[in-house]
Each structure stands twice: as C-alpha cells, then as structure tokens.
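A.B. asks: To start, I am sharing the structure in question, which I have written as structure tokens.
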Amino acid sequence: MVQSRHLVRLFFAFMLFGLLTGWVGVVTYKKVIYEIQCGGHLKRAADANTVDFAKKELLLAINYLEDAEITKGYTSVFWKTPSDDVGFWYQNIKSSYDELSKVTNETTQLEKSNLLIKLRETILDHGRDGDIVTAPSGISYYPYNAAFFWTGFFSAMIAGSGFLMFLMTNYQNLNKE
C-alpha cells in the first residue's frame, strides 16, 4: 500500500512538471515559427545590398504580419508601453517598404544606399550580443500574450508544487526506512 501511494504521488509530481515543460515547448515553437516567417526576413531585409532584395524580404514579413493580424495593439500584459506598441512597429516596417517602393531608375546610387542605411537603422537595434531585429517583446505569441503569461505563471506554480510533492514523498520514504 505504501509503495503504490508513493508511485501515485510520483506520477502526479511528474505530470504537474509536464505542464511547465509543455508550456515551454509551445513558447519555443511559437518563437521559432515567428523567426522563420517574419523575424528572419526582417533581418535579411536589413542586411540587403539592393533595394529590390530588401523589398522582397520586407514584403514577406509584412504579408506574415497581415495574415496573422499582427498590425495593432500591445504585447504587454499589465500596461501599455511604447516599446510594446505593435501598431507603431508594424507601421514603421510598412512605411519602410513604401519608401523603398518609391525607388525608380532615376534614383541615384547614393539615394539608394541612404535608403538601405535608413532601413537598417529602422529594423535593427544594437544589443549586447550584436545587432538584433527591433520588435515588441513577446511578439512571437501575440495576440495571446496574456494567456501565455498566465499559463506560464500557473504552470510554474503547479510545477513547483509537484516538485515539493516529490521531495516530501522521498523525505517520508527515507524517514520510514
């Protein structure tokens, strides 16, 4: 009887920890999908050597953002901060594309180079690890940021409870021996 009770507690402890592991898996998946569908294209647009290549990459990113309806709102859960403004970020990307679309055969190489420099400065920020794509934090799981936050919070709490349950079960078994 004692052994089966121990196994049941152990099973529940691992199940509760599995919730957190599942949440981490989903968050990682969403980040990878965003990077493939949008973030990577923005980086490539910023690194482009020609206006046509930059436009092509920007258009791929813009199409993803529009298809996923990532064009307005805030990624923050508790308050609206300028750094989490999806609408401003999207409009910045869109207006960069519009500026590049104005390039004609009459546009000088200097003007094209200036546009590409401006695009790079718009899309990239310099962080501790080098250049990073400017984007609101949590953009990869927008518009479900609140759901992801609360799911992660409660999963962590439940996983902690499962870990404590596991420790208590093992402690009780050690004392009985």
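Just so we're on the same page: first chain in the structure tokens is A, next is B, and so on; residues restart at 1 for each chain, and ligands are numbered from 1 in the order they show up.
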Which residues, written as a ChimeraX atom specification, have at least one atom at most 7 Å from region 131-134 of chain A, with only C-alpha atoms counted and residues fewer than 5 positions away on the same chain left out?

C.D. replies: /A:39,42-43,123-126

A.B. asks: Skip Leu115 (chain A) itself and residues of its chain fewer than 6 positions away, then list as number ranges by chain all residues within 9 Å of it, counting only C-alpha atoms.

C.D. replies: A: 51, 96, 99-100

A.B. asks: Using only N, CA and C atoms, please write the residues we just selected to a file, as a compact mmCIF listing (two decimals), in the first residue's frame.

C.D. replies:
```txt
# COMPACT_ATOMS: atom_id res chain seq x y z
N VAL A 51 17.99 47.41 -53.16
CA VAL A 51 16.62 47.82 -52.81
C VAL A 51 15.64 46.71 -53.15
N SER A 96 8.66 51.78 -44.27
CA SER A 96 9.98 51.49 -44.86
C SER A 96 9.81 50.83 -46.22
N GLU A 99 8.71 53.47 -48.70
CA GLU A 99 9.84 54.32 -49.12
C GLU A 99 10.69 53.60 -50.16
N LEU A 100 10.94 52.32 -49.96
CA LEU A 100 11.72 51.56 -50.93
C LEU A 100 10.98 51.42 -52.26
```

A.B. asks: Show me a table, sorted first by chain and then by increasing residue number, of the residues of region 19-62 of chain A having an atom at most 12 Å from region 70-82 of chain A, each with its shortest atom pair and the distance in Å to one decimal, counting only C-alpha atoms and written as CSV.

C.D. replies:
```
residue,atom,partner,partner_atom,distance
A:Tyr34,CA,A:Ile70,CA,11.1
A:Cys38,CA,A:Ile70,CA,10.8
A:Ala61,CA,A:Ile70,CA,10.7
A:Ile62,CA,A:Thr71,CA,9.2
```

A.B. asks: Just checking: using only C-alpha atoms, which residue out of A:Thr104, A:Ser161, A:Ser95, A:Asn145 ends up closest to Val27 (chain A)?

C.D. replies: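 Smallest separation from Val27 (chain A) among the options: A:Asn145.
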
A.B. asks: Give me, as a list of chain:residue names, all polymer residues having an atom no more than 10 Å from Trp23 (chain A), counting only C-alpha atoms and skipping those fewer than 6 positions away in the same chain.

C.D. replies: A:Tyr29, A:Phe148, A:Thr151, A:Gly152, A:Phe153, A:Ser155, A:Ala156

A.B. asks: My list of candidates is A:Lys118, A:His41, A:Arg128, A:Lys30. Which is closest to Leu59 (chain A) when distances are computed with only C-alpha atoms?

C.D. replies: A:His41

A.B. asks: Quick one: distance from CA of Arg120 (chain A) to CA of Lys56 (chain A) in Å, one decimal?

C.D. replies: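 Taking CA of Arg120 (chain A) as the start and CA of Lys56 (chain A) as the end point, the length is 14.7 Å.
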
A.B. asks: CA of Lys112 (chain A) and CA of Lys55 (chain A), how far apart in Å?

C.D. replies: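 Interatomic distance, CA of Lys55 (chain A) to CA of Lys112 (chain A): 12.1 Å.
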
A.B. asks: List every residue of region 48-162 of chain A that DSSP, applied to the backbone of this structure, places in strand (DSSP E), and write the result as a list of chain:residue names.

C.D. replies: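 After running DSSP on the backbone, region 48-162 of chain A has strand (DSSP E) at A:Leu124, A:Asp125, A:His126, A:Gly127, A:Gly130, A:Asp131, A:Ile132, A:Val133.
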
A.B. asks: If you count only C-alpha atoms, which residues fall within 6 Å of Ala45 (chain A), apart from same-chain ones fewer than 5 positions away, as a PyMOL selection string?

C.D. replies: chain A and resi 54+57-58

A.B. asks: Grab the CA of Val32 (chain A) to CA of Ala68 (chain A) distance for me, in Å with one decimal place.

C.D. replies: 15.0 Å

A.B. asks: From the options A:Ala146, A:Ile139, A:Leu19, A:Leu110, which residue's atoms come nearest to Ile158 (chain A), counting only C-alpha atoms?

C.D. replies: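 Nearest candidate to Ile158 (chain A) out of A:Ala146, A:Ile139, A:Leu19, A:Leu110: A:Leu19.
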
A.B. asks: Quick check for you: according to DSSP on this backbone, which residues of chain A are classed as alpha helix (DSSP H)? Reply as a ChimeraX atom specification.

C.D. replies: /A:2-34,40-47,51-67,86-101,109-123,145-176

A.B. asks: For Gly18 (chain A), please output as a list in words all residues within 12 Å (counting only C-alpha atoms; exclusion window: fewer than 2 positions along the same chain).

C.D. replies: Phe11, Phe12, Ala13, Phe14, Met15, Leu16, Leu20, Thr21, Gly22, Trp23, Val24, Gly25, Ser155, Ala156, Ile158, Ala159, Gly160, Gly162 and Phe163 of chain A

A.B. asks: Could the residues in this selection be written to a file with C-alpha atoms, as a PDB file, in the first residue's frame?

C.D. replies:
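Contents of the output file part08.pdb:
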```pdb
ATOM      1  CA  PHE A  11       3.201  10.088 -11.073  1.00  0.00           C
ATOM      2  CA  PHE A  12       1.330  13.283 -10.137  1.00  0.00           C
ATOM      3  CA  ALA A  13       4.589  15.123  -9.460  1.00  0.00           C
ATOM      4  CA  PHE A  14       5.853  14.305 -12.939  1.00  0.00           C
ATOM      5  CA  MET A  15       2.504  15.162 -14.529  1.00  0.00           C
ATOM      6  CA  LEU A  16       2.494  18.562 -12.843  1.00  0.00           C
ATOM      7  CA  LEU A  20       5.503  23.512 -17.393  1.00  0.00           C
ATOM      8  CA  THR A  21       7.507  21.517 -19.893  1.00  0.00           C
ATOM      9  CA  GLY A  22       4.587  21.650 -22.344  1.00  0.00           C
ATOM     10  CA  TRP A  23       4.271  25.407 -21.906  1.00  0.00           C
ATOM     11  CA  VAL A  24       7.996  25.883 -22.565  1.00  0.00           C
ATOM     12  CA  GLY A  25       7.658  23.726 -25.675  1.00  0.00           C
ATOM     13  CA  SER A 155       2.348  26.133 -14.768  1.00  0.00           C
ATOM     14  CA  ALA A 156       5.416  27.257 -12.836  1.00  0.00           C
ATOM     15  CA  ILE A 158       1.969  23.883 -10.283  1.00  0.00           C
ATOM     16  CA  ALA A 159       5.393  22.516 -11.275  1.00  0.00           C
ATOM     17  CA  GLY A 160       6.789  23.892  -8.009  1.00  0.00           C
ATOM     18  CA  GLY A 162       4.779  18.924  -7.990  1.00  0.00           C
ATOM     19  CA  PHE A 163       8.458  19.246  -7.112  1.00  0.00           C
TER      20      PHE A 163
END
```

A.B. asks: Out of A:Phe88, A:Thr122, A:Glu69, A:Val103, which residue has the shortest atom-to-atom distance to Tyr144 (chain A) when counting only C-alpha atoms?

C.D. replies: A:Glu69
